[in-house]
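Next up, structure.txt (compact mmCIF, C-alpha atoms and all ligand atoms):
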```txt
# COMPACT_ATOMS: atom_id res chain seq x y z
CA MET A 30 -97.38 100.40 175.81
CA PRO A 31 -93.97 101.94 174.88
CA ILE A 32 -91.18 99.42 175.50
CA GLU A 33 -89.52 101.73 178.08
CA GLN A 34 -92.63 101.44 180.29
CA GLN A 35 -93.08 97.68 179.97
CA PRO A 36 -92.01 95.41 182.85
CA PRO A 37 -88.72 93.77 181.71
CA LEU A 38 -90.25 90.28 181.41
CA ASP A 39 -93.13 91.59 179.25
CA ALA A 40 -90.58 93.35 177.04
CA LEU A 41 -88.55 90.13 176.75
CA VAL A 42 -91.59 88.00 175.87
CA ALA A 43 -92.49 90.57 173.19
CA ALA A 44 -88.89 90.39 171.90
CA CYS A 45 -89.13 86.58 171.68
CA HIS A 46 -92.33 86.85 169.62
CA TRP A 47 -90.73 89.46 167.34
CA ILE A 48 -87.70 87.18 166.87
CA GLY A 49 -90.13 84.40 165.95
CA THR A 50 -91.75 86.53 163.26
CA LYS A 51 -88.29 87.31 161.85
CA GLY A 52 -87.54 83.58 161.57
CA TRP A 53 -84.38 83.92 163.64
CA CYS A 54 -85.21 81.07 166.06
CA PRO A 55 -86.60 78.12 164.09
CA ALA A 56 -87.94 75.07 165.95
CA THR A 57 -86.85 75.39 169.60
CA GLY A 58 -83.60 77.24 168.84
CA GLY A 59 -82.36 80.22 170.82
CA ASN A 60 -82.65 81.40 174.39
CA MET A 61 -83.25 84.79 175.99
CA SER A 62 -82.76 86.34 179.39
CA VAL A 63 -83.17 89.53 181.37
CA ARG A 64 -81.28 90.60 184.50
CA LEU A 65 -83.31 90.89 187.68
CA SER A 66 -80.52 92.05 190.02
CA GLY A 67 -76.80 91.57 190.67
CA GLN A 68 -77.57 87.99 191.71
CA HIS A 69 -80.36 86.73 189.44
CA CYS A 70 -81.69 86.71 185.90
CA LEU A 71 -84.80 85.29 184.25
CA ILE A 72 -84.06 82.87 181.39
CA THR A 73 -86.11 80.75 179.00
CA GLU A 74 -86.92 77.21 180.07
CA SER A 75 -85.18 74.69 177.80
CA GLY A 76 -86.92 73.30 174.75
CA HIS A 77 -89.68 75.83 174.01
CA ASP A 78 -90.51 77.52 170.72
CA LYS A 79 -89.39 81.07 171.56
CA GLY A 80 -91.76 82.57 168.99
CA SER A 81 -94.78 81.49 171.02
CA ILE A 82 -93.29 81.49 174.53
CA SER A 83 -95.07 83.08 177.49
CA ALA A 84 -94.03 84.52 180.85
CA GLU A 85 -94.51 81.24 182.76
CA HIS A 86 -91.75 79.67 180.64
CA PHE A 87 -89.05 81.85 182.23
CA LEU A 88 -87.06 80.62 185.22
CA THR A 89 -85.09 82.54 187.82
CA VAL A 90 -81.39 81.60 187.75
CA ASN A 91 -78.73 82.40 190.31
CA LEU A 92 -75.91 84.12 188.37
CA GLN A 93 -73.15 82.69 190.57
CA SER A 94 -74.28 79.06 190.86
CA GLY A 95 -76.44 78.72 187.73
CA GLU A 96 -79.08 77.05 189.91
CA VAL A 97 -82.84 77.41 189.48
CA ASP A 98 -85.58 76.75 192.01
CA GLY A 99 -88.37 74.25 191.47
CA GLY A 100 -86.70 71.41 189.57
CA ARG A 101 -87.42 72.85 186.11
CA ILE A 102 -84.72 72.90 183.42
CA PRO A 103 -83.35 76.25 182.25
CA SER A 104 -81.81 76.75 178.83
CA ALA A 105 -79.00 74.32 178.09
CA GLU A 106 -76.89 77.41 177.33
CA THR A 107 -77.53 79.20 180.64
CA GLY A 108 -73.77 79.24 181.35
CA LEU A 109 -73.16 81.64 178.45
CA HIS A 110 -75.80 84.05 179.78
CA THR A 111 -74.45 83.98 183.33
CA LEU A 112 -70.94 84.55 181.96
CA VAL A 113 -71.99 87.67 180.01
CA TYR A 114 -73.86 89.07 183.05
CA SER A 115 -70.80 88.48 185.23
CA LEU A 116 -68.44 90.11 182.70
CA PHE A 117 -70.67 93.16 182.19
CA PRO A 118 -72.57 94.51 185.21
CA THR A 119 -74.33 96.98 182.87
CA VAL A 120 -75.83 94.28 180.62
CA GLY A 121 -79.56 93.94 181.29
CA ALA A 122 -80.73 91.56 178.54
CA ILE A 123 -79.25 88.84 176.32
CA LEU A 124 -80.70 87.43 173.09
CA HIS A 125 -79.37 84.23 171.48
CA THR A 126 -80.66 83.45 167.98
CA HIS A 127 -80.14 80.83 165.27
CA SER A 128 -80.66 82.86 162.08
CA VAL A 129 -79.55 81.48 158.72
CA ASN A 130 -77.27 84.48 158.18
CA ALA A 131 -75.48 84.17 161.54
CA THR A 132 -75.16 80.42 161.11
CA VAL A 133 -73.77 80.57 157.55
CA LEU A 134 -71.50 83.60 158.06
CA SER A 135 -69.93 81.99 161.13
CA ARG A 136 -68.95 79.01 158.93
CA VAL A 137 -67.91 80.94 155.82
CA GLU A 138 -65.59 83.10 157.93
CA LYS A 139 -62.73 80.75 158.81
CA SER A 140 -60.89 83.15 161.15
CA ASN A 141 -61.88 83.83 164.75
CA ALA A 142 -63.85 87.02 164.05
CA VAL A 143 -66.15 88.80 161.62
CA ILE A 144 -64.92 92.37 161.13
CA LEU A 145 -67.64 94.82 160.15
CA GLU A 146 -66.32 97.93 158.45
CA GLY A 147 -67.73 100.44 155.97
CA TYR A 148 -71.42 100.10 156.86
CA GLU A 149 -73.54 103.04 158.02
CA MET A 150 -75.66 100.54 159.99
CA GLN A 151 -72.71 99.96 162.35
CA LYS A 152 -74.16 103.03 164.07
CA SER A 153 -77.11 100.89 165.23
CA LEU A 154 -74.63 99.57 167.81
CA GLY A 155 -74.31 101.62 171.02
CA GLY A 156 -71.36 104.02 170.93
CA GLN A 157 -70.55 103.59 167.21
CA ARG A 158 -70.22 106.93 165.42
CA SER A 159 -68.71 106.17 162.02
CA HIS A 160 -68.84 103.63 159.22
CA LEU A 161 -65.03 103.99 159.09
CA ASP A 162 -64.54 102.25 162.45
CA ARG A 163 -64.18 98.49 162.82
CA VAL A 164 -66.60 96.40 164.84
CA ILE A 165 -65.18 93.01 165.84
CA ILE A 166 -67.61 90.14 166.42
CA PRO A 167 -65.59 87.16 167.72
CA ILE A 168 -66.41 83.63 166.52
CA PHE A 169 -65.99 80.62 168.81
CA ASP A 170 -66.07 77.03 167.61
CA ASN A 171 -69.27 75.32 168.73
CA SER A 172 -69.29 72.79 171.56
CA GLN A 173 -71.90 70.80 173.46
CA ASP A 174 -69.76 71.43 176.56
CA ILE A 175 -71.15 74.82 177.59
CA PRO A 176 -68.79 75.36 180.59
CA ALA A 177 -65.82 74.75 178.25
CA LEU A 178 -67.27 77.11 175.61
CA ALA A 179 -67.93 79.75 178.28
CA SER A 180 -64.36 79.41 179.48
CA ARG A 181 -63.03 80.01 175.93
CA VAL A 182 -65.27 83.08 175.61
CA ALA A 183 -63.99 84.44 178.95
CA ASP A 184 -60.34 83.82 177.99
CA SER A 185 -60.79 85.58 174.65
CA HIS A 186 -62.53 88.55 176.32
CA ALA A 187 -59.41 89.07 178.43
CA THR A 188 -57.41 89.90 175.26
CA VAL A 189 -60.08 91.01 172.74
CA PRO A 190 -62.90 92.58 174.77
CA LEU A 191 -66.39 91.59 173.76
CA GLN A 192 -68.59 94.53 172.81
CA TYR A 193 -72.03 93.72 171.42
CA GLY A 194 -72.03 89.98 170.95
CA PHE A 195 -70.28 86.92 169.58
CA LEU A 196 -70.96 84.16 167.09
CA VAL A 197 -70.78 80.44 167.79
CA ARG A 198 -69.67 78.66 164.61
CA GLY A 199 -72.48 76.91 162.78
CA HIS A 200 -74.78 77.68 165.69
CA GLY A 201 -75.84 81.31 166.07
CA LEU A 202 -75.43 84.72 167.65
CA TYR A 203 -75.31 85.93 171.24
CA CYS A 204 -75.90 89.65 171.66
CA TRP A 205 -76.94 91.92 174.47
CA GLY A 206 -77.72 95.44 175.62
CA ARG A 207 -78.36 97.57 178.70
CA ASP A 208 -82.02 96.56 178.47
CA VAL A 209 -84.34 94.60 176.18
CA LYS A 210 -84.83 97.60 173.90
CA GLU A 211 -81.10 98.00 173.28
CA ALA A 212 -80.54 94.24 172.92
CA ARG A 213 -83.27 94.18 170.23
CA ARG A 214 -81.64 97.07 168.39
CA HIS A 215 -78.26 95.35 168.51
CA LEU A 216 -79.77 92.09 167.26
CA GLU A 217 -81.55 93.80 164.37
CA GLY A 218 -78.46 95.81 163.47
CA LEU A 219 -76.13 92.82 163.59
CA GLU A 220 -78.53 90.68 161.55
CA PHE A 221 -78.67 93.40 158.88
CA LEU A 222 -74.87 93.67 158.87
CA PHE A 223 -74.43 89.87 158.63
CA GLN A 224 -76.78 89.75 155.65
CA CYS A 225 -74.87 92.58 153.94
CA GLU A 226 -71.57 90.83 154.62
CA LEU A 227 -72.80 87.53 153.18
CA GLN A 228 -74.26 89.15 150.05
CA LEU A 229 -71.07 91.15 149.53
CA ARG A 230 -68.95 88.02 149.81
CA LEU A 231 -71.21 86.16 147.38
CA LEU A 232 -71.07 88.94 144.78
CA GLU A 233 -67.35 89.53 145.18
CA ALA A 234 -66.66 85.81 144.72
CA LYS A 235 -68.19 85.86 141.21
C1 LIG B 301 -82.69 72.89 168.21
S1 LIG B 301 -82.05 74.00 169.34
C2 LIG B 301 -80.54 73.27 169.97
C3 LIG B 301 -80.12 73.85 171.30
C4 LIG B 301 -79.76 75.31 171.18
O1 LIG B 301 -78.76 75.63 170.55
C5 LIG B 301 -80.60 76.36 171.70
O2 LIG B 301 -80.30 77.54 171.53
C6 LIG B 301 -81.84 76.07 172.46
O3 LIG B 301 -81.58 75.39 173.64
P1 LIG B 301 -82.50 75.64 174.92
O4 LIG B 301 -82.06 74.60 175.90
O5 LIG B 301 -82.23 77.04 175.38
O6 LIG B 301 -83.94 75.50 174.48
ZN ZN B 302 -78.35 77.86 170.59
```
Can you present the structure in this file as C-alpha cells?
Amino acid sequence: MPIEQQPPLDALVAACHWIGTKGWCPATGGNMSVRLSGQHCLITESGHDKGSISAEHFLTVNLQSGEVDGGRIPSAETGLHTLVYSLFPTVGAILHTHSVNATVLSRVEKSNAVILEGYEMQKSLGGQRSHLDRVIIPIFDNSQDIPALASRVADSHATVPLQYGFLVRGHGLYCWGRDVKEARRHLEGLEFLFQCELQLRLLEAK
C-alpha cells in the first residue's frame, strides 16, 4: 500500500523496520513516535529492538503531562518527543536514531551545530531550494536527565529555531516531519549529508 494511504501507526512500524535494515538503531537504541491529535502521540515502549517492533509496542502518551495509561513504560526519551510536538503543531512524526555517522559527527564537531552547505541533497529537506543555503543542525551535549536536556533544546530554539532536527552529542539524531513519509525523507537526507560531511572532513584532514 502507498505510504500516503497507510494508517499512521502502520507507516511508523514500517519506518522502524526500514531503520533497522539501515543499521541506524543497533541493539535497543532509538525511539519513534507519531502524533494522534493536539493532545496525544503514540511512542515506542522503552527497551525494544526498533527493527523488529510491532504495533502493540507503541503507547499513547499525553503531550502535556507525559503520562501513559496502563502502567507500561514509554521511551526514556519521551520528553524530547513531547517537546518537539509542543514547539511545532505541524509536526506529525519524530524519528530518533543512533547511527554511527550521527554519533561520530556530533563528537567530531566541537561547536554547538553542524552547518550543512554546498550539498545538492540539502534539497531533500522540506523548503530547501539551493545547495548554496545553509542548514543548521544544532548539537546538544548528552545527558541522562531528559527534562534538563529538553529544557536546553527549548531555550536554544528560542534564539536559533530548530528546523529539521538536532543532534545529541555522542548519542544520535532527532528529526521529524509533517508525517511519517516526510520524517523518513528527512532522516535519509540528513544521514546522507552526515556521511558526506564526515568523509569530507577525513579527506581534508590528510
Ligand atoms: C542502548 S539505547 C540507550 C537509550 C537510548 O538512547 C534510546 O534511544 C532508547 O531508549 P528507549 O527507552 O526509547 O528504548
Ligand atoms: Zn537515544
Taking all atoms listed in the file into account, produce a table as JSON lines in which each residue of chain A with an atom at most 7 Å from an atom of ligand ZN 302 (chain B) appears once, together with its shortest atom pair and the distance in Å to one decimal, ordered by chain and rising number.
```
{"residue": "A:Gly58", "atom": "CA", "partner": "B:ZN302", "partner_atom": "ZN", "distance": 5.6}
{"residue": "A:Gly59", "atom": "CA", "partner": "B:ZN302", "partner_atom": "ZN", "distance": 4.7}
{"residue": "A:Asn60", "atom": "CA", "partner": "B:ZN302", "partner_atom": "ZN", "distance": 6.7}
{"residue": "A:Glu106", "atom": "CA", "partner": "B:ZN302", "partner_atom": "ZN", "distance": 6.9}
{"residue": "A:His125", "atom": "CA", "partner": "B:ZN302", "partner_atom": "ZN", "distance": 6.5}
{"residue": "A:Thr126", "atom": "CA", "partner": "B:ZN302", "partner_atom": "ZN", "distance": 6.6}
{"residue": "A:His127", "atom": "CA", "partner": "B:ZN302", "partner_atom": "ZN", "distance": 6.4}
{"residue": "A:His200", "atom": "CA", "partner": "B:ZN302", "partner_atom": "ZN", "distance": 6.1}
{"residue": "A:Gly201", "atom": "CA", "partner": "B:ZN302", "partner_atom": "ZN", "distance": 6.2}
```
Kindly provide the residues of chain A that approach ligand LIG 301 (chain B) to within 12 Å, each paired with its closest atom pair and their distance in Å to one decimal, based on all atoms listed in the file, listed by chain and increasing number, as a Markdown table.
```
| residue | atom | partner | partner_atom | distance |
| --- | --- | --- | --- | --- |
| A:Trp53 | CA | B:LIG301 | O2 | 10.9 |
| A:Cys54 | CA | B:LIG301 | O2 | 8.2 |
| A:Pro55 | CA | B:LIG301 | C1 | 7.7 |
| A:Ala56 | CA | B:LIG301 | C1 | 6.1 |
| A:Thr57 | CA | B:LIG301 | S1 | 5.0 |
| A:Gly58 | CA | B:LIG301 | S1 | 3.6 |
| A:Gly59 | CA | B:LIG301 | O2 | 3.5 |
| A:Asn60 | CA | B:LIG301 | O5 | 4.5 |
| A:Met61 | CA | B:LIG301 | O5 | 7.8 |
| A:Ser62 | CA | B:LIG301 | O5 | 10.1 |
| A:Ile72 | CA | B:LIG301 | O5 | 8.6 |
| A:Thr73 | CA | B:LIG301 | O5 | 6.5 |
| A:Glu74 | CA | B:LIG301 | O6 | 6.6 |
| A:Ser75 | CA | B:LIG301 | O6 | 3.6 |
| A:Gly76 | CA | B:LIG301 | O6 | 3.7 |
| A:His77 | CA | B:LIG301 | O6 | 5.8 |
| A:Asp78 | CA | B:LIG301 | O6 | 7.8 |
| A:Lys79 | CA | B:LIG301 | O6 | 8.3 |
| A:Gly80 | CA | B:LIG301 | O6 | 11.9 |
| A:Ile82 | CA | B:LIG301 | O6 | 11.1 |
| A:His86 | CA | B:LIG301 | O6 | 10.8 |
| A:Phe87 | CA | B:LIG301 | O5 | 10.8 |
| A:Leu88 | CA | B:LIG301 | O5 | 11.5 |
| A:Arg101 | CA | B:LIG301 | O4 | 11.7 |
| A:Ile102 | CA | B:LIG301 | O4 | 8.2 |
| A:Pro103 | CA | B:LIG301 | O4 | 6.7 |
| A:Ser104 | CA | B:LIG301 | O5 | 3.5 |
| A:Ala105 | CA | B:LIG301 | O4 | 3.8 |
| A:Glu106 | CA | B:LIG301 | O5 | 5.7 |
| A:Thr107 | CA | B:LIG301 | O5 | 7.4 |
| A:Gly108 | CA | B:LIG301 | O5 | 10.6 |
| A:Leu109 | CA | B:LIG301 | O5 | 10.6 |
| A:His110 | CA | B:LIG301 | O5 | 10.5 |
| A:Leu124 | CA | B:LIG301 | O2 | 10.0 |
| A:His125 | CA | B:LIG301 | O2 | 6.8 |
| A:Thr126 | CA | B:LIG301 | O2 | 6.9 |
| A:His127 | CA | B:LIG301 | O2 | 7.1 |
| A:Ser128 | CA | B:LIG301 | O2 | 10.9 |
| A:Thr132 | CA | B:LIG301 | O1 | 11.2 |
| A:Asn171 | CA | B:LIG301 | O1 | 9.7 |
| A:Ser172 | CA | B:LIG301 | O1 | 9.9 |
| A:Gln173 | CA | B:LIG301 | O1 | 8.9 |
| A:Asp174 | CA | B:LIG301 | O1 | 11.6 |
| A:Ile175 | CA | B:LIG301 | O1 | 10.4 |
| A:Val197 | CA | B:LIG301 | O1 | 9.7 |
| A:Arg198 | CA | B:LIG301 | O1 | 11.3 |
| A:Gly199 | CA | B:LIG301 | O1 | 10.1 |
| A:His200 | CA | B:LIG301 | O1 | 6.6 |
| A:Gly201 | CA | B:LIG301 | O1 | 7.8 |
| A:Leu202 | CA | B:LIG301 | O2 | 9.5 |
| A:Tyr203 | CA | B:LIG301 | O2 | 9.8 |
```
>> Using all atoms listed in the file, can you tell me which of A:Leu145, A:Leu178, A:Leu41, A:Ala187 comes closest to A:Cys225?
In response: A:Leu145
> Could you list as a PyMOL selection string every residue that has an atom within 9 Å of (-70.3, 92.9, 160.6), using the file's coordinates and counting all atoms listed in the file?
Replying inline: chain A and resi 143-146+148+151+163-166+219-226
> What is the atom CA of A:Glu33 to atom CA of A:Ser159 distance in Å?
Replying inline: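 Going from atom CA of A:Glu33 over to atom CA of A:Ser159 covers 26.7 Å.
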> To one decimal place, how far is atom CA of A:Val97 from atom CA of A:Val63 in Å?
Replying inline: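 Going from atom CA of A:Val97 over to atom CA of A:Val63, I get 14.6 Å.
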> Of the candidates A:Leu229, A:Glu85, A:Leu112, A:Ile48, which one gets nearest to A:Val182 if we count all atoms listed in the file?
Replying inline: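 The closest residue to A:Val182 is A:Leu112.
Atom CA of A:Ala44 is found 28.1 Å from atom CA of A:Glu138.
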> Using all atoms listed in the file, which of A:Leu196, A:Leu231, A:Met30, A:Ile168 sits nearest A:Lys139?
Replying inline: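 Nearest candidate to A:Lys139 out of A:Leu196, A:Leu231, A:Met30, A:Ile168: A:Ile168.
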> Which of these, A:Val209, A:Val120, A:Leu216, A:Leu227, has the shortest distance to A:Val137 once you count all atoms listed in the file?
Replying inline: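 For A:Val137, the nearest of the candidates is A:Leu227.
If you measure from each of A:Cys45, A:Ala40, A:Ile32, A:Ala212 to A:Leu154 using all atoms listed in the file, the closest one turns out to be A:Ala212.
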Grab all the atoms of stretch 51-69 of chain A that the file lists, wrap them in a box along x, y and z, add 4 Å per side, and give me centre plus edge lengths in Å (one decimal) as JSON.
```
{"center_x": -82.5, "center_y": 83.6, "center_z": 176.6, "size_x": 19.5, "size_y": 25.0, "size_z": 38.1}
```
> Taking all atoms listed in the file into account, which of A:Cys204, A:Leu92, A:Leu65, A:Ala131 comes nearest A:Leu38?
Replying inline: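 Of the candidates, the smallest distance to A:Leu38 is held by A:Leu65.
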